[in-house]
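Q: Have a peek at final-v8.txt (compact mmCIF, N, CA and C atoms).
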# COMPACT_ATOMS: atom_id res chain seq x y z
N MET A 1 -39.75 -37.33 -20.95
CA MET A 1 -39.46 -36.60 -19.75
C MET A 1 -38.03 -36.04 -19.84
N GLN A 2 -37.90 -34.71 -19.60
CA GLN A 2 -36.60 -34.07 -19.65
C GLN A 2 -36.05 -33.95 -18.24
N THR A 3 -34.76 -34.10 -18.13
CA THR A 3 -34.14 -33.94 -16.82
C THR A 3 -33.30 -32.66 -16.82
N VAL A 4 -33.19 -32.06 -15.68
CA VAL A 4 -32.38 -30.86 -15.53
C VAL A 4 -30.94 -31.30 -15.28
N PRO A 5 -29.99 -30.71 -16.01
CA PRO A 5 -28.59 -31.08 -15.76
C PRO A 5 -28.24 -30.84 -14.29
N TYR A 6 -27.41 -31.71 -13.75
CA TYR A 6 -27.03 -31.66 -12.33
C TYR A 6 -26.39 -30.33 -11.97
N SER A 7 -25.64 -29.74 -12.85
CA SER A 7 -24.91 -28.52 -12.53
C SER A 7 -25.80 -27.28 -12.54
N LEU A 8 -26.97 -27.33 -13.17
CA LEU A 8 -27.84 -26.16 -13.24
C LEU A 8 -28.34 -25.72 -11.86
N PRO A 9 -28.86 -26.61 -11.01
CA PRO A 9 -29.30 -26.16 -9.68
C PRO A 9 -28.13 -25.59 -8.85
N ARG A 10 -26.98 -26.18 -8.99
CA ARG A 10 -25.80 -25.70 -8.26
C ARG A 10 -25.44 -24.29 -8.75
N PHE A 11 -25.49 -24.07 -10.06
CA PHE A 11 -25.19 -22.76 -10.64
C PHE A 11 -26.19 -21.72 -10.15
N VAL A 12 -27.46 -22.06 -10.17
CA VAL A 12 -28.51 -21.13 -9.72
C VAL A 12 -28.32 -20.80 -8.24
N GLY A 13 -28.02 -21.80 -7.44
CA GLY A 13 -27.78 -21.57 -6.01
C GLY A 13 -26.60 -20.64 -5.77
N CYS A 14 -25.50 -20.86 -6.48
CA CYS A 14 -24.32 -20.00 -6.33
C CYS A 14 -24.63 -18.58 -6.80
N PHE A 15 -25.38 -18.45 -7.87
CA PHE A 15 -25.75 -17.14 -8.39
C PHE A 15 -26.59 -16.38 -7.37
N LEU A 16 -27.58 -17.05 -6.78
CA LEU A 16 -28.43 -16.39 -5.78
C LEU A 16 -27.63 -16.00 -4.54
N LEU A 17 -26.70 -16.83 -4.11
CA LEU A 17 -25.86 -16.50 -2.97
C LEU A 17 -25.00 -15.28 -3.27
N ALA A 18 -24.44 -15.22 -4.46
CA ALA A 18 -23.62 -14.07 -4.86
C ALA A 18 -24.44 -12.78 -4.88
N VAL A 19 -25.67 -12.87 -5.35
CA VAL A 19 -26.54 -11.68 -5.38
C VAL A 19 -26.85 -11.23 -3.96
N LEU A 20 -27.14 -12.16 -3.08
CA LEU A 20 -27.44 -11.80 -1.69
C LEU A 20 -26.25 -11.16 -1.01
N LEU A 21 -25.07 -11.74 -1.19
CA LEU A 21 -23.87 -11.19 -0.56
C LEU A 21 -23.48 -9.84 -1.13
N SER A 22 -23.75 -9.61 -2.40
CA SER A 22 -23.38 -8.32 -2.99
C SER A 22 -24.28 -7.21 -2.47
N ASN A 23 -25.41 -7.55 -1.90
CA ASN A 23 -26.31 -6.54 -1.36
C ASN A 23 -26.03 -6.24 0.11
N CYS A 24 -25.03 -6.89 0.69
CA CYS A 24 -24.67 -6.62 2.08
C CYS A 24 -23.97 -5.28 2.16
N GLY A 25 -24.15 -4.60 3.26
CA GLY A 25 -23.49 -3.33 3.46
C GLY A 25 -24.28 -2.18 2.85
N HIS A 26 -23.71 -1.00 2.96
CA HIS A 26 -24.36 0.18 2.42
C HIS A 26 -23.35 1.05 1.70
N ALA A 27 -23.87 1.91 0.83
CA ALA A 27 -23.01 2.85 0.12
C ALA A 27 -22.60 3.97 1.07
N LEU A 28 -21.44 4.54 0.81
CA LEU A 28 -20.98 5.65 1.63
C LEU A 28 -21.56 6.96 1.11
N PRO A 29 -22.07 7.79 2.01
CA PRO A 29 -22.53 9.11 1.57
C PRO A 29 -21.31 10.02 1.38
N ASP A 30 -21.54 11.20 0.86
CA ASP A 30 -20.45 12.17 0.75
C ASP A 30 -20.05 12.63 2.15
N PHE A 31 -18.77 12.85 2.33
CA PHE A 31 -18.26 13.40 3.58
C PHE A 31 -17.88 14.85 3.31
N PRO A 32 -18.73 15.80 3.68
CA PRO A 32 -18.44 17.21 3.40
C PRO A 32 -17.07 17.62 3.93
N GLY A 33 -16.27 18.26 3.09
CA GLY A 33 -14.95 18.72 3.48
C GLY A 33 -13.84 17.70 3.27
N PHE A 34 -14.20 16.46 2.97
CA PHE A 34 -13.18 15.42 2.77
C PHE A 34 -12.68 15.47 1.33
N ASP A 35 -11.37 15.68 1.17
CA ASP A 35 -10.75 15.77 -0.15
C ASP A 35 -10.17 14.41 -0.53
N SER A 36 -10.97 13.62 -1.22
CA SER A 36 -10.58 12.27 -1.60
C SER A 36 -9.36 12.28 -2.52
N VAL A 37 -9.27 13.26 -3.39
CA VAL A 37 -8.13 13.35 -4.32
C VAL A 37 -6.84 13.59 -3.55
N ALA A 38 -6.86 14.50 -2.58
CA ALA A 38 -5.67 14.78 -1.77
C ALA A 38 -5.27 13.54 -0.98
N TRP A 39 -6.26 12.81 -0.44
CA TRP A 39 -5.96 11.59 0.31
C TRP A 39 -5.24 10.58 -0.57
N ARG A 40 -5.75 10.38 -1.77
CA ARG A 40 -5.16 9.39 -2.67
C ARG A 40 -3.76 9.78 -3.14
N LYS A 41 -3.53 11.07 -3.35
CA LYS A 41 -2.22 11.53 -3.82
C LYS A 41 -1.14 11.39 -2.76
N ASP A 42 -1.53 11.31 -1.51
CA ASP A 42 -0.58 11.23 -0.40
C ASP A 42 -0.28 9.77 -0.07
N ALA A 43 0.34 9.07 -1.02
CA ALA A 43 0.66 7.65 -0.83
C ALA A 43 1.54 7.45 0.40
N TYR A 44 1.18 6.48 1.21
CA TYR A 44 1.89 6.12 2.44
C TYR A 44 1.94 7.28 3.44
N GLY A 45 1.16 8.33 3.21
CA GLY A 45 1.11 9.47 4.13
C GLY A 45 2.40 10.26 4.19
N CYS A 46 3.24 10.10 3.19
CA CYS A 46 4.58 10.70 3.23
C CYS A 46 4.56 12.23 3.14
N GLN A 47 3.48 12.81 2.64
CA GLN A 47 3.37 14.27 2.59
C GLN A 47 2.56 14.81 3.77
N SER A 48 2.10 13.92 4.63
CA SER A 48 1.30 14.25 5.82
C SER A 48 0.04 15.05 5.50
N GLN A 49 -0.47 14.95 4.28
CA GLN A 49 -1.72 15.62 3.91
C GLN A 49 -2.92 14.88 4.51
N ARG A 50 -2.80 13.59 4.67
CA ARG A 50 -3.90 12.79 5.21
C ARG A 50 -4.23 13.17 6.65
N ALA A 51 -3.21 13.62 7.39
CA ALA A 51 -3.42 13.97 8.80
C ALA A 51 -4.48 15.05 8.95
N THR A 52 -4.57 15.97 8.00
CA THR A 52 -5.56 17.04 8.08
C THR A 52 -6.96 16.53 7.79
N LEU A 53 -7.06 15.36 7.15
CA LEU A 53 -8.37 14.80 6.78
C LEU A 53 -8.90 13.79 7.79
N VAL A 54 -8.06 13.33 8.71
CA VAL A 54 -8.48 12.35 9.70
C VAL A 54 -9.64 12.86 10.57
N PRO A 55 -9.65 14.13 11.01
CA PRO A 55 -10.79 14.59 11.81
C PRO A 55 -12.13 14.47 11.07
N ILE A 56 -12.12 14.60 9.75
CA ILE A 56 -13.37 14.44 8.98
C ILE A 56 -13.79 12.97 9.00
N LEU A 57 -12.82 12.07 8.86
CA LEU A 57 -13.15 10.64 8.96
C LEU A 57 -13.69 10.32 10.36
N GLU A 58 -13.09 10.92 11.37
CA GLU A 58 -13.55 10.70 12.74
C GLU A 58 -15.00 11.16 12.89
N LYS A 59 -15.32 12.29 12.31
CA LYS A 59 -16.69 12.82 12.39
C LYS A 59 -17.70 11.88 11.73
N HIS A 60 -17.26 11.17 10.69
CA HIS A 60 -18.15 10.27 9.94
C HIS A 60 -17.85 8.80 10.22
N ARG A 61 -17.20 8.53 11.33
CA ARG A 61 -16.80 7.17 11.69
C ARG A 61 -17.97 6.18 11.64
N ASN A 62 -19.10 6.55 12.20
CA ASN A 62 -20.25 5.63 12.25
C ASN A 62 -20.75 5.28 10.86
N GLU A 63 -20.58 6.17 9.90
CA GLU A 63 -21.02 5.89 8.54
C GLU A 63 -20.07 4.90 7.84
N LEU A 64 -18.84 4.78 8.35
CA LEU A 64 -17.90 3.81 7.78
C LEU A 64 -18.29 2.37 8.15
N TYR A 65 -18.86 2.21 9.36
CA TYR A 65 -19.27 0.86 9.77
C TYR A 65 -20.35 0.33 8.83
N GLY A 66 -20.15 -0.87 8.34
CA GLY A 66 -21.12 -1.49 7.44
C GLY A 66 -20.96 -1.09 5.99
N ALA A 67 -20.05 -0.19 5.69
CA ALA A 67 -19.83 0.22 4.30
C ALA A 67 -19.13 -0.90 3.54
N ARG A 68 -19.38 -0.98 2.26
CA ARG A 68 -18.76 -2.00 1.41
C ARG A 68 -17.31 -1.61 1.10
N LEU A 69 -16.45 -2.61 1.00
CA LEU A 69 -15.04 -2.36 0.70
C LEU A 69 -14.86 -1.61 -0.62
N ASN A 70 -15.67 -1.92 -1.62
CA ASN A 70 -15.56 -1.23 -2.90
C ASN A 70 -15.81 0.26 -2.74
N ASP A 71 -16.76 0.63 -1.88
CA ASP A 71 -17.05 2.03 -1.65
C ASP A 71 -15.93 2.72 -0.87
N VAL A 72 -15.32 2.00 0.07
CA VAL A 72 -14.19 2.55 0.81
C VAL A 72 -13.02 2.78 -0.14
N THR A 73 -12.78 1.83 -1.03
CA THR A 73 -11.70 1.98 -2.01
C THR A 73 -11.99 3.15 -2.95
N ALA A 74 -13.24 3.35 -3.31
CA ALA A 74 -13.59 4.48 -4.16
C ALA A 74 -13.32 5.80 -3.44
N LEU A 75 -13.52 5.84 -2.13
CA LEU A 75 -13.30 7.06 -1.36
C LEU A 75 -11.82 7.29 -1.06
N LEU A 76 -11.13 6.24 -0.56
CA LEU A 76 -9.76 6.39 -0.06
C LEU A 76 -8.69 5.88 -1.02
N GLY A 77 -9.07 5.22 -2.08
CA GLY A 77 -8.09 4.61 -2.98
C GLY A 77 -7.64 3.27 -2.42
N HIS A 78 -6.75 2.63 -3.15
CA HIS A 78 -6.23 1.34 -2.68
C HIS A 78 -5.42 1.55 -1.41
N PRO A 79 -5.49 0.62 -0.48
CA PRO A 79 -4.76 0.79 0.78
C PRO A 79 -3.25 0.73 0.56
N ASP A 80 -2.54 1.36 1.48
CA ASP A 80 -1.07 1.29 1.44
C ASP A 80 -0.61 -0.13 1.74
N GLU A 81 -1.33 -0.81 2.59
CA GLU A 81 -1.07 -2.22 2.91
C GLU A 81 -2.41 -2.92 3.10
N GLU A 82 -2.42 -4.20 2.83
CA GLU A 82 -3.62 -5.01 3.04
C GLU A 82 -3.21 -6.29 3.75
N GLU A 83 -3.87 -6.56 4.86
CA GLU A 83 -3.59 -7.77 5.62
C GLU A 83 -4.77 -8.72 5.46
N LEU A 84 -4.48 -9.98 5.27
CA LEU A 84 -5.52 -10.99 5.18
C LEU A 84 -5.57 -11.75 6.49
N GLY A 85 -6.75 -11.83 7.07
CA GLY A 85 -6.92 -12.53 8.32
C GLY A 85 -7.58 -13.87 8.11
N GLU A 86 -8.08 -14.42 9.19
CA GLU A 86 -8.77 -15.70 9.13
C GLU A 86 -10.17 -15.51 8.58
N GLN A 87 -10.68 -16.52 7.92
CA GLN A 87 -12.06 -16.56 7.43
C GLN A 87 -12.41 -15.35 6.56
N SER A 88 -11.55 -15.01 5.62
CA SER A 88 -11.78 -13.95 4.64
C SER A 88 -11.80 -12.55 5.22
N ASP A 89 -11.33 -12.36 6.44
CA ASP A 89 -11.21 -11.02 7.00
C ASP A 89 -10.09 -10.28 6.27
N LYS A 90 -10.26 -8.98 6.10
CA LYS A 90 -9.23 -8.14 5.51
C LYS A 90 -9.05 -6.92 6.39
N VAL A 91 -7.83 -6.41 6.42
CA VAL A 91 -7.54 -5.16 7.10
C VAL A 91 -6.87 -4.25 6.09
N TYR A 92 -7.49 -3.09 5.85
CA TYR A 92 -6.91 -2.08 4.98
C TYR A 92 -6.14 -1.11 5.87
N VAL A 93 -4.90 -0.81 5.46
CA VAL A 93 -4.04 0.10 6.22
C VAL A 93 -3.72 1.30 5.35
N TYR A 94 -4.00 2.49 5.90
CA TYR A 94 -3.67 3.75 5.24
C TYR A 94 -2.80 4.55 6.21
N TYR A 95 -1.57 4.87 5.82
CA TYR A 95 -0.70 5.68 6.66
C TYR A 95 -1.14 7.13 6.59
N VAL A 96 -0.98 7.84 7.70
CA VAL A 96 -1.48 9.21 7.80
C VAL A 96 -0.35 10.23 7.83
N ALA A 97 0.78 9.90 8.43
CA ALA A 97 1.89 10.85 8.56
C ALA A 97 3.19 10.20 8.11
N ALA A 98 4.13 11.04 7.71
CA ALA A 98 5.43 10.55 7.25
C ALA A 98 6.10 9.75 8.36
N GLY A 99 6.80 8.70 7.97
CA GLY A 99 7.49 7.86 8.93
C GLY A 99 8.37 6.85 8.21
N GLN A 100 8.68 5.79 8.89
CA GLN A 100 9.55 4.73 8.37
C GLN A 100 9.05 4.17 7.04
N GLN A 101 7.74 4.15 6.83
CA GLN A 101 7.16 3.59 5.61
C GLN A 101 7.49 4.43 4.37
N CYS A 102 8.04 5.62 4.56
CA CYS A 102 8.38 6.50 3.43
C CYS A 102 9.77 6.23 2.86
N THR A 103 10.54 5.36 3.50
CA THR A 103 11.87 5.03 3.00
C THR A 103 11.76 3.99 1.89
N PRO A 104 12.80 3.86 1.06
CA PRO A 104 12.73 2.88 -0.03
C PRO A 104 12.37 1.48 0.48
N GLY A 105 11.50 0.83 -0.23
CA GLY A 105 11.05 -0.51 0.15
C GLY A 105 9.81 -0.49 1.01
N HIS A 106 9.42 0.69 1.49
CA HIS A 106 8.22 0.85 2.32
C HIS A 106 8.14 -0.16 3.47
N PRO A 107 9.13 -0.15 4.38
CA PRO A 107 9.02 -1.06 5.53
C PRO A 107 7.79 -0.71 6.36
N ARG A 108 7.26 -1.70 7.03
CA ARG A 108 6.04 -1.49 7.83
C ARG A 108 6.31 -0.56 8.99
N SER A 109 5.30 0.15 9.36
CA SER A 109 5.38 1.04 10.51
C SER A 109 4.07 0.91 11.28
N THR A 110 4.11 1.17 12.56
CA THR A 110 2.89 1.14 13.36
C THR A 110 2.44 2.54 13.72
N ARG A 111 3.11 3.52 13.15
CA ARG A 111 2.86 4.91 13.49
C ARG A 111 1.75 5.51 12.63
N SER A 112 0.85 6.23 13.23
CA SER A 112 -0.17 7.04 12.56
C SER A 112 -0.77 6.37 11.33
N ARG A 113 -1.70 5.47 11.55
CA ARG A 113 -2.34 4.80 10.43
C ARG A 113 -3.81 4.55 10.71
N VAL A 114 -4.57 4.54 9.65
CA VAL A 114 -5.99 4.21 9.70
C VAL A 114 -6.12 2.74 9.39
N LEU A 115 -6.84 2.00 10.22
CA LEU A 115 -7.08 0.58 10.00
C LEU A 115 -8.57 0.35 9.82
N LEU A 116 -8.93 -0.29 8.72
CA LEU A 116 -10.32 -0.63 8.45
C LEU A 116 -10.40 -2.14 8.26
N ARG A 117 -11.12 -2.80 9.16
CA ARG A 117 -11.27 -4.27 9.11
C ARG A 117 -12.62 -4.62 8.50
N SER A 118 -12.59 -5.60 7.61
CA SER A 118 -13.84 -6.06 7.01
C SER A 118 -14.02 -7.54 7.32
N GLY A 119 -15.27 -7.94 7.36
CA GLY A 119 -15.61 -9.34 7.61
C GLY A 119 -15.76 -10.10 6.31
N ALA A 120 -16.26 -11.30 6.42
CA ALA A 120 -16.41 -12.19 5.26
C ALA A 120 -17.40 -11.65 4.24
N THR A 121 -18.32 -10.78 4.66
CA THR A 121 -19.30 -10.23 3.73
C THR A 121 -18.76 -9.03 2.96
N GLY A 122 -17.54 -8.59 3.25
CA GLY A 122 -16.95 -7.47 2.53
C GLY A 122 -17.42 -6.12 3.03
N THR A 123 -17.86 -6.06 4.28
CA THR A 123 -18.28 -4.78 4.85
C THR A 123 -17.40 -4.44 6.05
N ILE A 124 -17.26 -3.16 6.33
CA ILE A 124 -16.39 -2.70 7.41
C ILE A 124 -17.00 -3.06 8.76
N THR A 125 -16.21 -3.73 9.59
CA THR A 125 -16.66 -4.13 10.92
C THR A 125 -15.90 -3.42 12.03
N GLU A 126 -14.77 -2.81 11.71
CA GLU A 126 -13.97 -2.13 12.73
C GLU A 126 -13.24 -0.95 12.09
N VAL A 127 -13.22 0.18 12.78
CA VAL A 127 -12.55 1.39 12.31
C VAL A 127 -11.62 1.85 13.41
N ILE A 128 -10.32 1.92 13.11
CA ILE A 128 -9.34 2.41 14.07
C ILE A 128 -8.66 3.62 13.44
N LEU A 129 -8.83 4.76 14.09
CA LEU A 129 -8.26 6.01 13.59
C LEU A 129 -7.18 6.49 14.56
N PRO A 130 -6.09 7.07 14.03
CA PRO A 130 -5.04 7.56 14.93
C PRO A 130 -5.46 8.87 15.58
N VAL A 131 -4.85 9.17 16.70
CA VAL A 131 -5.03 10.46 17.34
C VAL A 131 -4.06 11.41 16.66
N VAL A 132 -4.60 12.46 16.05
CA VAL A 132 -3.76 13.43 15.35
C VAL A 132 -3.74 14.69 16.17
N THR A 133 -2.53 15.11 16.54
CA THR A 133 -2.39 16.33 17.31
C THR A 133 -1.88 17.44 16.41
N SER A 134 -2.39 18.63 16.59
CA SER A 134 -1.92 19.76 15.78
C SER A 134 -0.65 20.30 16.41
N LYS A 135 0.22 20.77 15.55
CA LYS A 135 1.53 21.27 16.02
C LYS A 135 1.46 22.74 16.32
Would you mind writing the file out in structure tokens?

A:
Amino acid sequence: MQTVPYSLPRFVGCFLLAVLLSNCGHALPDFPGFDSVAWRKDAYGCQSQRATLVPILEKHRNELYGARLNDVTALLGHPDEEELGEQSDKVYVYYVAAGQQCTPGHPRSTRSRVLLRSGATGTITEVILPVVTSK
């Protein structure tokens, strides 16, 4: 009689859990008119190019809910700041307009920023967009 090593069932269980969690969320569709390259090049929003793209994000806000963090990063690039919350929550911060964060050392600012909160499953649960006024 052969016995199964104790660690094998644990490994299989962890593997199945990882597969299930990786299937949470949905892929992001294309956002017509959204220039992902311009968004990424405007680090910390210091060139204020992101401000022109915020209305497109607003138009597709509902599609951001439930999207996977990897897909958001593919669209918007790495966040300017990342906050870690309780129970594996994350908040991605993208600055939209030039401000205090553009000075050396990138001090934090609360001005004109996109906040994307994700839950423990790695999907977007909250979208906060700034109000952008045209000059």

Q: Which residues, written as a list in words, have at least one atom at most 12 Å from segment 97-112 of chain A, with only C-alpha atoms counted and residues fewer than 4 positions away on the same chain left out?

A: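 Result of the neighbour search: Trp39, Asp42, Ala43, Tyr44, Gly45, Cys46, Gln47, Ser48, Gln49, Arg50, Ala51, Thr52, Leu53, Val54, Asp80, Glu81, Glu82, Glu83, Val93, Ile128, Leu129, Pro130, Val131, Val132 and Thr133 of chain A.
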
Q: Under the rule that all atoms listed in the file are counted, which of A:Val91, A:Lys59, A:Ser36, A:Ala27 is the nearest residue to Gly77 of chain A?

A: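 Once distances to Gly77 of chain A are computed over all atoms listed in the file, the minimum belongs to A:Ser36.
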
Q: What does the distance between atom CA of Glu86 of chain A and atom CA of Leu69 of chain A come to in Å, to one decimal place?

A: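 Distance reported for this atom pair: 17.0 Å.
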
Q: What gap, in Å, lies between atom CA of Ala120 of chain A and atom CA of Asp35 of chain A?

A: 29.0 Å

Q: Tell me which protein, DNA and RNA residues are within 7 Å of Ser118 of chain A, counting all atoms listed in the file, leaving out same-chain ones fewer than 6 positions away, and put them as a PyMOL selection string.

A: chain A and resi 88-92+124-126

Q: Could you pull out the strand (DSSP E or B) residues of segment 54-96 of chain A, going by DSSP on the backbone, and write them as a compact mmCIF listing (two decimals) with N, CA and C atoms, in the frame of the given file?

A:
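For reference, states-v1.txt as written:
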# COMPACT_ATOMS: atom_id res chain seq x y z
N ALA A 67 -20.05 -0.19 5.69
CA ALA A 67 -19.83 0.22 4.30
C ALA A 67 -19.13 -0.90 3.54
N ARG A 68 -19.38 -0.98 2.26
CA ARG A 68 -18.76 -2.00 1.41
C ARG A 68 -17.31 -1.61 1.10
N GLU A 81 -1.33 -0.81 2.59
CA GLU A 81 -1.07 -2.22 2.91
C GLU A 81 -2.41 -2.92 3.10
N GLU A 82 -2.42 -4.20 2.83
CA GLU A 82 -3.62 -5.01 3.04
C GLU A 82 -3.21 -6.29 3.75
N GLU A 83 -3.87 -6.56 4.86
CA GLU A 83 -3.59 -7.77 5.62
C GLU A 83 -4.77 -8.72 5.46
N LEU A 84 -4.48 -9.98 5.27
CA LEU A 84 -5.52 -10.99 5.18
C LEU A 84 -5.57 -11.75 6.49
N LYS A 90 -10.26 -8.98 6.10
CA LYS A 90 -9.23 -8.14 5.51
C LYS A 90 -9.05 -6.92 6.39
N VAL A 91 -7.83 -6.41 6.42
CA VAL A 91 -7.54 -5.16 7.10
C VAL A 91 -6.87 -4.25 6.09
N TYR A 92 -7.49 -3.09 5.85
CA TYR A 92 -6.91 -2.08 4.98
C TYR A 92 -6.14 -1.11 5.87
N VAL A 93 -4.90 -0.81 5.46
CA VAL A 93 -4.04 0.10 6.22
C VAL A 93 -3.72 1.30 5.35
N TYR A 94 -4.00 2.49 5.90
CA TYR A 94 -3.67 3.75 5.24
C TYR A 94 -2.80 4.55 6.21
N TYR A 95 -1.57 4.87 5.82
CA TYR A 95 -0.70 5.68 6.66
C TYR A 95 -1.14 7.13 6.59

Q: Using only N, CA and C atoms, which of the listed residues (A:His78, A:Gly33, A:Tyr95, A:Leu28) sits closest to Leu64 of chain A?

A: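 Closest to Leu64 of chain A of all the choices is A:Leu28.
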
Q: What separation in Å, quoted to one decimal, exists between atom C of Tyr65 of chain A and atom CA of Val127 of chain A?

A: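 Taking atom C of Tyr65 of chain A and atom CA of Val127 of chain A, their separation equals 8.6 Å.
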